[in-house]
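Report on the structure given below.
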Amino acid sequence: MSGASVLYDVPGPKAVVRNRILGAVTVLVVLAAIGFVVYRFIVTGQFSAARWNLFTYTLVWQGMAQALWATVSAFLAAAVGSLILGFVLAIGRVSEHAWVRIPVTVVIELLRAVPVLVMMMIFYYGINSIPGSTFRMTPYAAVVIGLVLYNGSVLAEALRAGIEALPKGQKEAGYAIGLRKSGVMAFILLPQALRAMLPIIVSQLVVTLKDTALGFIITYPELIYYAKYLSGQPGRPLLQAGLIVAVIYISMCLILSGVAKWLEVRTRRSPKLKGYTPDAGGGDPRIHDGSTVTEVIALQRGGGKFDGGAGLNGGI
């Protein structure tokens, strides 16, 4: 019996026919819904040349490009900040010291409980309305800070789950070969947790990208804000602008997912040193496809790497 059959019963002939019928019916229902929407667009003249005439002007596309850059710039800053904050909070979340772990846990739970839009409005409208304050929060800063705080806390929980899901023997083996706590976290736990939780991290970054659209509430000139501006022009092409913005967002999410898939394929292999693999000349036969991170590091330490100024025996 294969391992897959324990969790999944192979369908019989009748089940195969039934699944195919259900699949065909589902496809037909989806196609019918899409066809009805397209039909209504045609009937109401949404595809007429007059509705799309606004998008034949160069200035409109220049404005669209500026709005796209505003969206991408906010996303890039928020993505980098979220990853950094997530790593910091995750390390504090799994700390063995209660005076570090408990406050970090409270901060994470508070940040996760507050909606992103509320954070943006607090930072923009709340701070700018303080009487006598000379500090002014820009819409860009409010969008980025709100996204960083919320998504960083979510990523922290994802990384914490990935770290705690690792076998305890990984940490103990790291200590056994002389690594300190920082070395165990940096060289053993975090790389494996990052690789294991990569799909969740990418999914959260996609959410971060889409949440930049909330910036139009605080007048940040991103894609949705520009689409709303175009809807007030002659002809009121609200639907047309929305379709164009939707295509742009879908394209960006697909690109991000593609990059994540590429990274997942690249990081799927066991961590090895170049030149230590058996298939390379002079490789170490003890390194194989099933080698764990601690096994690799132990052999690397034997080769003079990761010593940190102390030998294997001196670190224990």
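As shown in the structure tokens, the chain order sets the letters A, B, ...; within each chain, residues go from 1, and ligands are also counted from 1 in the order they appear.
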Kindly assemble as CSV a list of the region 135-158 of chain A residues that lie within 9 Å of region 199-223 of chain A, each paired with its nearest atom pair and their distance in Å to one decimal, using only C-alpha atoms, sorted first by chain and then by ascending residue number.
```
residue,atom,partner,partner_atom,distance
A:Thr138,CA,A:Tyr220,CA,8.6
A:Pro139,CA,A:Tyr220,CA,5.2
A:Tyr140,CA,A:Tyr220,CA,6.4
A:Ala142,CA,A:Gly215,CA,8.4
A:Val143,CA,A:Gly215,CA,5.9
A:Val144,CA,A:Thr212,CA,8.3
A:Leu147,CA,A:Thr208,CA,6.6
A:Val148,CA,A:Thr208,CA,8.7
A:Asn151,CA,A:Thr208,CA,6.9
A:Val154,CA,A:Gln204,CA,7.9
A:Leu155,CA,A:Ile201,CA,6.5
A:Ala158,CA,A:Ile200,CA,7.1
```
Could you give me, as a list of chain:residue names, the residues within 6 Å of region 84-91 of chain A, counting only C-alpha atoms and dropping anything in the same chain fewer than 6 positions from it?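 The neighbour list is A:Gly152, A:Ser153, A:Leu155, A:Ala156, A:Arg160.
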Keeping only C-alpha atoms, write the selected residues as a PDB file, in the first residue's frame.
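The result, stored in again24.pdb:
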```
ATOM      1  CA  GLY A 152       5.358  42.160   9.964  1.00  0.00           C
ATOM      2  CA  SER A 153       3.361  40.785  12.893  1.00  0.00           C
ATOM      3  CA  LEU A 155       5.024  37.117   9.167  1.00  0.00           C
ATOM      4  CA  ALA A 156       6.453  36.863  12.673  1.00  0.00           C
ATOM      5  CA  ARG A 160       7.597  31.343  14.696  1.00  0.00           C
TER       6      ARG A 160
END
```
Just list as a compact mmCIF listing (two decimals) with N, CA and C atoms, in the first residue's frame whatever in region 69-276 of chain A DSSP marks as alpha helix (DSSP H).
```
# COMPACT_ATOMS: atom_id res chain seq x y z
N TRP A 69 3.86 53.28 -10.17
CA TRP A 69 5.10 53.41 -9.42
C TRP A 69 4.83 53.72 -7.95
N ALA A 70 3.81 54.53 -7.68
CA ALA A 70 3.45 54.82 -6.29
C ALA A 70 3.03 53.53 -5.57
N THR A 71 2.29 52.67 -6.27
CA THR A 71 1.89 51.39 -5.69
C THR A 71 3.08 50.49 -5.45
N VAL A 72 3.95 50.36 -6.46
CA VAL A 72 5.10 49.47 -6.36
C VAL A 72 6.09 49.97 -5.30
N SER A 73 6.32 51.28 -5.26
CA SER A 73 7.27 51.81 -4.28
C SER A 73 6.78 51.58 -2.85
N ALA A 74 5.48 51.78 -2.63
CA ALA A 74 4.93 51.51 -1.29
C ALA A 74 5.03 50.03 -0.96
N PHE A 75 4.77 49.17 -1.94
CA PHE A 75 4.84 47.73 -1.69
C PHE A 75 6.27 47.29 -1.38
N LEU A 76 7.24 47.76 -2.16
CA LEU A 76 8.62 47.35 -1.94
C LEU A 76 9.11 47.76 -0.55
N ALA A 77 8.82 49.01 -0.18
CA ALA A 77 9.23 49.47 1.15
C ALA A 77 8.52 48.67 2.24
N ALA A 78 7.23 48.41 2.05
CA ALA A 78 6.47 47.66 3.05
C ALA A 78 6.92 46.21 3.11
N ALA A 79 7.26 45.61 1.96
CA ALA A 79 7.70 44.22 1.95
C ALA A 79 9.02 44.05 2.69
N VAL A 80 9.98 44.92 2.40
CA VAL A 80 11.28 44.85 3.08
C VAL A 80 11.10 45.09 4.58
N GLY A 81 10.35 46.13 4.92
CA GLY A 81 10.13 46.43 6.34
C GLY A 81 9.39 45.32 7.06
N SER A 82 8.42 44.70 6.39
CA SER A 82 7.66 43.61 7.01
C SER A 82 8.54 42.39 7.27
N LEU A 83 9.40 42.07 6.31
CA LEU A 83 10.30 40.92 6.49
C LEU A 83 11.27 41.17 7.64
N ILE A 84 11.83 42.39 7.69
CA ILE A 84 12.77 42.70 8.77
C ILE A 84 12.06 42.65 10.13
N LEU A 85 10.91 43.31 10.21
CA LEU A 85 10.15 43.30 11.47
C LEU A 85 9.70 41.89 11.83
N GLY A 86 9.30 41.12 10.83
CA GLY A 86 8.87 39.75 11.09
C GLY A 86 9.99 38.90 11.67
N PHE A 87 11.21 39.03 11.12
CA PHE A 87 12.34 38.28 11.64
C PHE A 87 12.63 38.69 13.08
N VAL A 88 12.63 39.99 13.34
CA VAL A 88 12.95 40.48 14.69
C VAL A 88 11.90 39.99 15.70
N LEU A 89 10.64 40.14 15.36
CA LEU A 89 9.58 39.71 16.27
C LEU A 89 9.56 38.19 16.45
N ALA A 90 9.85 37.46 15.38
CA ALA A 90 9.86 35.99 15.49
C ALA A 90 10.97 35.52 16.42
N ILE A 91 12.14 36.15 16.33
CA ILE A 91 13.24 35.78 17.22
C ILE A 91 12.88 36.09 18.67
N GLY A 92 12.26 37.27 18.88
CA GLY A 92 11.83 37.59 20.23
C GLY A 92 10.71 36.69 20.72
N ARG A 93 9.85 36.25 19.79
CA ARG A 93 8.71 35.40 20.15
C ARG A 93 9.15 34.03 20.64
N ALA A 98 11.61 35.10 29.41
CA ALA A 98 10.21 35.54 29.50
C ALA A 98 10.09 37.05 29.37
N TRP A 99 11.09 37.79 29.87
CA TRP A 99 11.01 39.25 29.81
C TRP A 99 11.13 39.77 28.38
N VAL A 100 11.59 38.92 27.47
CA VAL A 100 11.61 39.27 26.04
C VAL A 100 10.40 38.68 25.34
N ARG A 101 10.11 37.42 25.61
CA ARG A 101 9.05 36.71 24.89
C ARG A 101 7.67 37.28 25.16
N ILE A 102 7.35 37.59 26.42
CA ILE A 102 5.99 38.05 26.75
C ILE A 102 5.67 39.42 26.14
N PRO A 103 6.54 40.44 26.29
CA PRO A 103 6.22 41.72 25.64
C PRO A 103 6.12 41.62 24.13
N VAL A 104 7.00 40.82 23.51
CA VAL A 104 6.94 40.66 22.06
C VAL A 104 5.64 39.99 21.65
N THR A 105 5.19 39.00 22.41
CA THR A 105 3.93 38.34 22.12
C THR A 105 2.76 39.31 22.20
N VAL A 106 2.77 40.16 23.22
CA VAL A 106 1.70 41.16 23.36
C VAL A 106 1.70 42.12 22.17
N VAL A 107 2.88 42.57 21.76
CA VAL A 107 2.99 43.48 20.62
C VAL A 107 2.46 42.82 19.35
N ILE A 108 2.83 41.58 19.12
CA ILE A 108 2.37 40.87 17.92
C ILE A 108 0.86 40.74 17.91
N GLU A 109 0.28 40.35 19.03
CA GLU A 109 -1.17 40.17 19.08
C GLU A 109 -1.90 41.50 18.89
N LEU A 110 -1.37 42.58 19.45
CA LEU A 110 -2.00 43.88 19.27
C LEU A 110 -1.94 44.33 17.82
N LEU A 111 -0.80 44.16 17.18
CA LEU A 111 -0.65 44.58 15.80
C LEU A 111 -1.51 43.75 14.86
N ARG A 112 -1.65 42.48 15.16
CA ARG A 112 -2.50 41.62 14.32
C ARG A 112 -3.98 41.93 14.48
N ALA A 113 -4.35 42.49 15.64
CA ALA A 113 -5.77 42.73 15.92
C ALA A 113 -6.28 44.02 15.28
N VAL A 116 -5.51 47.09 8.92
CA VAL A 116 -4.51 47.91 8.25
C VAL A 116 -5.06 49.31 7.99
N LEU A 117 -6.30 49.40 7.53
CA LEU A 117 -6.88 50.70 7.22
C LEU A 117 -6.95 51.59 8.45
N VAL A 118 -7.27 50.99 9.59
CA VAL A 118 -7.33 51.77 10.84
C VAL A 118 -5.95 52.31 11.18
N MET A 119 -4.92 51.48 11.00
CA MET A 119 -3.56 51.96 11.26
C MET A 119 -3.21 53.13 10.36
N MET A 120 -3.53 53.02 9.07
CA MET A 120 -3.22 54.10 8.14
C MET A 120 -3.92 55.39 8.53
N MET A 121 -5.19 55.29 8.91
CA MET A 121 -5.95 56.48 9.28
C MET A 121 -5.44 57.08 10.58
N ILE A 127 -2.22 61.61 13.69
CA ILE A 127 -0.99 62.35 14.01
C ILE A 127 -1.06 63.77 13.46
N ASN A 128 -1.59 63.94 12.25
CA ASN A 128 -1.65 65.27 11.65
C ASN A 128 -2.67 66.19 12.32
N PRO A 139 1.01 60.77 3.26
CA PRO A 139 0.24 59.56 2.95
C PRO A 139 1.13 58.35 2.67
N TYR A 140 2.26 58.58 1.99
CA TYR A 140 3.16 57.47 1.70
C TYR A 140 3.68 56.83 2.98
N ALA A 141 4.14 57.65 3.92
CA ALA A 141 4.66 57.13 5.18
C ALA A 141 3.58 56.40 5.96
N ALA A 142 2.37 56.94 5.97
CA ALA A 142 1.27 56.30 6.71
C ALA A 142 0.93 54.94 6.10
N VAL A 143 0.93 54.84 4.77
CA VAL A 143 0.64 53.57 4.10
C VAL A 143 1.72 52.55 4.42
N VAL A 144 2.98 52.94 4.27
CA VAL A 144 4.08 52.00 4.48
C VAL A 144 4.15 51.54 5.93
N ILE A 145 4.03 52.48 6.88
CA ILE A 145 4.12 52.11 8.29
C ILE A 145 2.97 51.17 8.68
N GLY A 146 1.77 51.48 8.21
CA GLY A 146 0.64 50.60 8.51
C GLY A 146 0.83 49.20 7.96
N LEU A 147 1.30 49.11 6.72
CA LEU A 147 1.53 47.80 6.11
C LEU A 147 2.65 47.04 6.81
N VAL A 148 3.72 47.75 7.20
CA VAL A 148 4.85 47.10 7.86
C VAL A 148 4.43 46.53 9.21
N LEU A 149 3.71 47.30 9.99
CA LEU A 149 3.34 46.85 11.33
C LEU A 149 2.41 45.64 11.27
N TYR A 150 1.41 45.70 10.40
CA TYR A 150 0.45 44.59 10.35
C TYR A 150 1.08 43.33 9.74
N ASN A 151 1.65 43.47 8.55
CA ASN A 151 2.19 42.30 7.86
C ASN A 151 3.43 41.76 8.55
N GLY A 152 4.21 42.64 9.20
CA GLY A 152 5.36 42.16 9.96
C GLY A 152 4.94 41.26 11.11
N SER A 153 3.84 41.62 11.79
CA SER A 153 3.36 40.78 12.89
C SER A 153 2.83 39.44 12.39
N VAL A 154 2.18 39.44 11.23
CA VAL A 154 1.69 38.19 10.65
C VAL A 154 2.86 37.30 10.22
N LEU A 155 3.85 37.89 9.58
CA LEU A 155 5.02 37.12 9.17
C LEU A 155 5.79 36.58 10.38
N ALA A 156 5.79 37.33 11.46
CA ALA A 156 6.45 36.86 12.67
C ALA A 156 5.82 35.57 13.18
N GLU A 157 4.50 35.51 13.17
CA GLU A 157 3.82 34.29 13.60
C GLU A 157 4.08 33.14 12.65
N ALA A 158 4.17 33.43 11.35
CA ALA A 158 4.47 32.38 10.38
C ALA A 158 5.87 31.81 10.61
N LEU A 159 6.84 32.70 10.81
CA LEU A 159 8.21 32.25 11.06
C LEU A 159 8.31 31.52 12.40
N ARG A 160 7.59 32.02 13.39
CA ARG A 160 7.60 31.34 14.70
C ARG A 160 7.05 29.93 14.57
N ALA A 161 5.98 29.76 13.80
CA ALA A 161 5.42 28.43 13.59
C ALA A 161 6.42 27.53 12.86
N GLY A 162 7.13 28.10 11.88
CA GLY A 162 8.12 27.32 11.15
C GLY A 162 9.27 26.89 12.04
N ILE A 163 9.71 27.77 12.93
CA ILE A 163 10.82 27.44 13.83
C ILE A 163 10.39 26.36 14.83
N GLU A 164 9.21 26.52 15.40
CA GLU A 164 8.76 25.56 16.41
C GLU A 164 8.39 24.22 15.80
N LYS A 168 13.37 19.19 17.63
CA LYS A 168 14.22 19.76 18.67
C LYS A 168 15.66 19.30 18.55
N GLY A 169 15.84 18.17 17.90
CA GLY A 169 17.19 17.69 17.73
C GLY A 169 18.05 18.61 16.88
N GLN A 170 17.44 19.41 16.01
CA GLN A 170 18.20 20.35 15.21
C GLN A 170 18.90 21.37 16.11
N LYS A 171 18.15 21.94 17.05
CA LYS A 171 18.74 22.92 17.98
C LYS A 171 19.79 22.27 18.87
N GLU A 172 19.47 21.09 19.40
CA GLU A 172 20.41 20.41 20.30
C GLU A 172 21.68 20.02 19.56
N ALA A 173 21.55 19.61 18.31
CA ALA A 173 22.74 19.25 17.54
C ALA A 173 23.59 20.47 17.27
N GLY A 174 22.94 21.62 17.06
CA GLY A 174 23.68 22.85 16.86
C GLY A 174 24.51 23.22 18.08
N TYR A 175 23.90 23.07 19.26
CA TYR A 175 24.64 23.33 20.49
C TYR A 175 25.77 22.31 20.67
N ALA A 176 25.52 21.08 20.23
CA ALA A 176 26.51 20.02 20.42
C ALA A 176 27.76 20.25 19.60
N LYS A 181 23.68 30.46 20.73
CA LYS A 181 22.26 30.63 20.41
C LYS A 181 22.06 31.40 19.11
N SER A 182 22.85 32.45 18.93
CA SER A 182 22.72 33.24 17.71
C SER A 182 23.11 32.42 16.48
N GLY A 183 24.13 31.58 16.62
CA GLY A 183 24.53 30.74 15.50
C GLY A 183 23.50 29.69 15.17
N VAL A 184 22.92 29.08 16.18
CA VAL A 184 21.86 28.08 15.96
C VAL A 184 20.67 28.71 15.25
N LEU A 190 16.48 29.46 11.39
CA LEU A 190 15.85 30.41 10.49
C LEU A 190 15.89 29.97 9.02
N PRO A 191 17.02 29.47 8.49
CA PRO A 191 17.00 29.04 7.08
C PRO A 191 15.97 27.96 6.79
N GLN A 192 15.84 26.98 7.70
CA GLN A 192 14.88 25.91 7.48
C GLN A 192 13.44 26.42 7.64
N ALA A 193 13.22 27.28 8.63
CA ALA A 193 11.88 27.83 8.82
C ALA A 193 11.48 28.71 7.63
N LEU A 194 12.43 29.48 7.12
CA LEU A 194 12.14 30.34 5.97
C LEU A 194 11.77 29.52 4.76
N ARG A 195 12.49 28.43 4.53
CA ARG A 195 12.19 27.59 3.38
C ARG A 195 10.85 26.88 3.55
N ALA A 196 10.55 26.42 4.76
CA ALA A 196 9.29 25.71 5.00
C ALA A 196 8.09 26.64 4.90
N LEU A 198 7.93 29.48 3.17
CA LEU A 198 8.00 30.36 2.01
C LEU A 198 6.65 30.57 1.33
N PRO A 199 5.83 29.53 1.12
CA PRO A 199 4.51 29.78 0.51
C PRO A 199 3.65 30.75 1.31
N ILE A 200 3.67 30.62 2.65
CA ILE A 200 2.88 31.52 3.48
C ILE A 200 3.44 32.94 3.41
N ILE A 201 4.76 33.06 3.41
CA ILE A 201 5.38 34.38 3.33
C ILE A 201 5.01 35.06 2.02
N VAL A 202 5.06 34.31 0.92
CA VAL A 202 4.71 34.89 -0.38
C VAL A 202 3.23 35.28 -0.41
N SER A 203 2.39 34.44 0.15
CA SER A 203 0.96 34.77 0.19
C SER A 203 0.72 36.07 0.96
N GLN A 204 1.46 36.25 2.06
CA GLN A 204 1.30 37.48 2.83
C GLN A 204 1.84 38.68 2.08
N LEU A 205 2.90 38.50 1.30
CA LEU A 205 3.42 39.61 0.49
C LEU A 205 2.43 39.98 -0.62
N VAL A 206 1.72 38.99 -1.16
CA VAL A 206 0.67 39.30 -2.13
C VAL A 206 -0.43 40.12 -1.47
N VAL A 207 -0.78 39.75 -0.24
CA VAL A 207 -1.76 40.54 0.52
C VAL A 207 -1.25 41.96 0.74
N THR A 208 0.03 42.08 1.03
CA THR A 208 0.63 43.40 1.22
C THR A 208 0.50 44.24 -0.05
N LEU A 209 0.76 43.62 -1.20
CA LEU A 209 0.64 44.32 -2.47
C LEU A 209 -0.78 44.81 -2.70
N LYS A 210 -1.75 43.95 -2.42
CA LYS A 210 -3.15 44.35 -2.64
C LYS A 210 -3.62 45.38 -1.61
N ASP A 211 -3.07 45.32 -0.40
CA ASP A 211 -3.49 46.26 0.63
C ASP A 211 -2.99 47.68 0.39
N LEU A 223 -2.93 53.29 -7.63
CA LEU A 223 -3.73 52.92 -8.79
C LEU A 223 -5.23 53.13 -8.56
N ILE A 224 -5.75 52.71 -7.41
CA ILE A 224 -7.18 52.87 -7.15
C ILE A 224 -7.56 54.35 -7.07
N TYR A 225 -6.70 55.14 -6.45
CA TYR A 225 -6.95 56.58 -6.36
C TYR A 225 -7.00 57.20 -7.75
N TYR A 226 -6.08 56.78 -8.62
CA TYR A 226 -6.07 57.33 -9.98
C TYR A 226 -7.27 56.85 -10.78
N ALA A 227 -7.68 55.58 -10.57
CA ALA A 227 -8.87 55.08 -11.25
C ALA A 227 -10.11 55.85 -10.82
N LYS A 228 -10.19 56.18 -9.55
CA LYS A 228 -11.31 56.99 -9.06
C LYS A 228 -11.28 58.38 -9.68
N TYR A 229 -10.08 58.93 -9.83
CA TYR A 229 -9.95 60.24 -10.48
C TYR A 229 -10.41 60.18 -11.94
N LEU A 230 -10.05 59.12 -12.65
CA LEU A 230 -10.46 58.99 -14.06
C LEU A 230 -11.97 58.81 -14.19
N SER A 231 -12.59 58.19 -13.18
CA SER A 231 -14.03 57.97 -13.26
C SER A 231 -14.82 59.27 -13.23
N LEU A 238 -15.72 54.56 -15.20
CA LEU A 238 -15.38 53.90 -13.93
C LEU A 238 -15.05 52.43 -14.15
N LEU A 239 -15.90 51.73 -14.89
CA LEU A 239 -15.68 50.31 -15.13
C LEU A 239 -14.41 50.07 -15.94
N GLN A 240 -14.18 50.90 -16.93
CA GLN A 240 -13.02 50.74 -17.79
C GLN A 240 -11.72 50.94 -16.99
N ALA A 241 -11.70 51.98 -16.17
CA ALA A 241 -10.52 52.22 -15.34
C ALA A 241 -10.32 51.09 -14.34
N GLY A 242 -11.42 50.60 -13.79
CA GLY A 242 -11.33 49.49 -12.84
C GLY A 242 -10.80 48.22 -13.49
N LEU A 243 -11.22 47.95 -14.73
CA LEU A 243 -10.73 46.76 -15.43
C LEU A 243 -9.23 46.86 -15.69
N ILE A 244 -8.77 48.04 -16.10
CA ILE A 244 -7.35 48.22 -16.37
C ILE A 244 -6.53 48.05 -15.09
N VAL A 245 -7.00 48.64 -14.01
CA VAL A 245 -6.29 48.52 -12.73
C VAL A 245 -6.30 47.06 -12.26
N ALA A 246 -7.43 46.38 -12.46
CA ALA A 246 -7.50 44.96 -12.05
C ALA A 246 -6.49 44.12 -12.83
N VAL A 247 -6.36 44.37 -14.13
CA VAL A 247 -5.38 43.63 -14.94
C VAL A 247 -3.97 43.92 -14.44
N ILE A 248 -3.68 45.16 -14.07
CA ILE A 248 -2.35 45.50 -13.56
C ILE A 248 -2.07 44.78 -12.25
N TYR A 249 -3.06 44.77 -11.34
CA TYR A 249 -2.86 44.10 -10.06
C TYR A 249 -2.68 42.60 -10.25
N ILE A 250 -3.48 42.00 -11.13
CA ILE A 250 -3.36 40.56 -11.38
C ILE A 250 -1.99 40.24 -11.95
N SER A 251 -1.51 41.07 -12.85
CA SER A 251 -0.19 40.85 -13.45
C SER A 251 0.91 40.93 -12.40
N MET A 252 0.84 41.93 -11.51
CA MET A 252 1.86 42.06 -10.47
C MET A 252 1.83 40.87 -9.52
N CYS A 253 0.63 40.40 -9.15
CA CYS A 253 0.53 39.25 -8.25
C CYS A 253 1.08 37.99 -8.91
N LEU A 254 0.82 37.82 -10.22
CA LEU A 254 1.35 36.66 -10.93
C LEU A 254 2.87 36.71 -11.01
N ILE A 255 3.40 37.91 -11.24
CA ILE A 255 4.87 38.05 -11.28
C ILE A 255 5.47 37.71 -9.92
N LEU A 256 4.85 38.21 -8.85
CA LEU A 256 5.34 37.92 -7.51
C LEU A 256 5.27 36.43 -7.20
N SER A 257 4.17 35.79 -7.61
CA SER A 257 4.03 34.35 -7.39
C SER A 257 5.07 33.57 -8.20
N GLY A 258 5.35 34.05 -9.42
CA GLY A 258 6.36 33.39 -10.23
C GLY A 258 7.75 33.49 -9.62
N VAL A 259 8.09 34.67 -9.10
CA VAL A 259 9.38 34.83 -8.42
C VAL A 259 9.45 33.92 -7.20
N ALA A 260 8.36 33.82 -6.46
CA ALA A 260 8.33 32.95 -5.29
C ALA A 260 8.51 31.49 -5.68
N LYS A 261 7.88 31.07 -6.78
CA LYS A 261 8.04 29.70 -7.24
C LYS A 261 9.48 29.42 -7.63
N TRP A 262 10.11 30.39 -8.28
CA TRP A 262 11.52 30.23 -8.66
C TRP A 262 12.40 30.10 -7.41
N LEU A 263 12.13 30.93 -6.40
CA LEU A 263 12.90 30.85 -5.17
C LEU A 263 12.68 29.51 -4.47
N GLU A 264 11.45 29.03 -4.50
CA GLU A 264 11.14 27.75 -3.85
C GLU A 264 11.90 26.61 -4.51
N VAL A 265 11.97 26.64 -5.85
CA VAL A 265 12.72 25.60 -6.56
C VAL A 265 14.20 25.69 -6.24
N ARG A 266 14.72 26.94 -6.16
CA ARG A 266 16.15 27.11 -5.90
C ARG A 266 16.52 26.69 -4.47
```
Atomic distance CA of Pro237 (chain A) - CA of Asn53 (chain A), expressed in Å with one decimal: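 According to the coordinates, CA of Pro237 (chain A) and CA of Asn53 (chain A) are separated by 9.2 Å.
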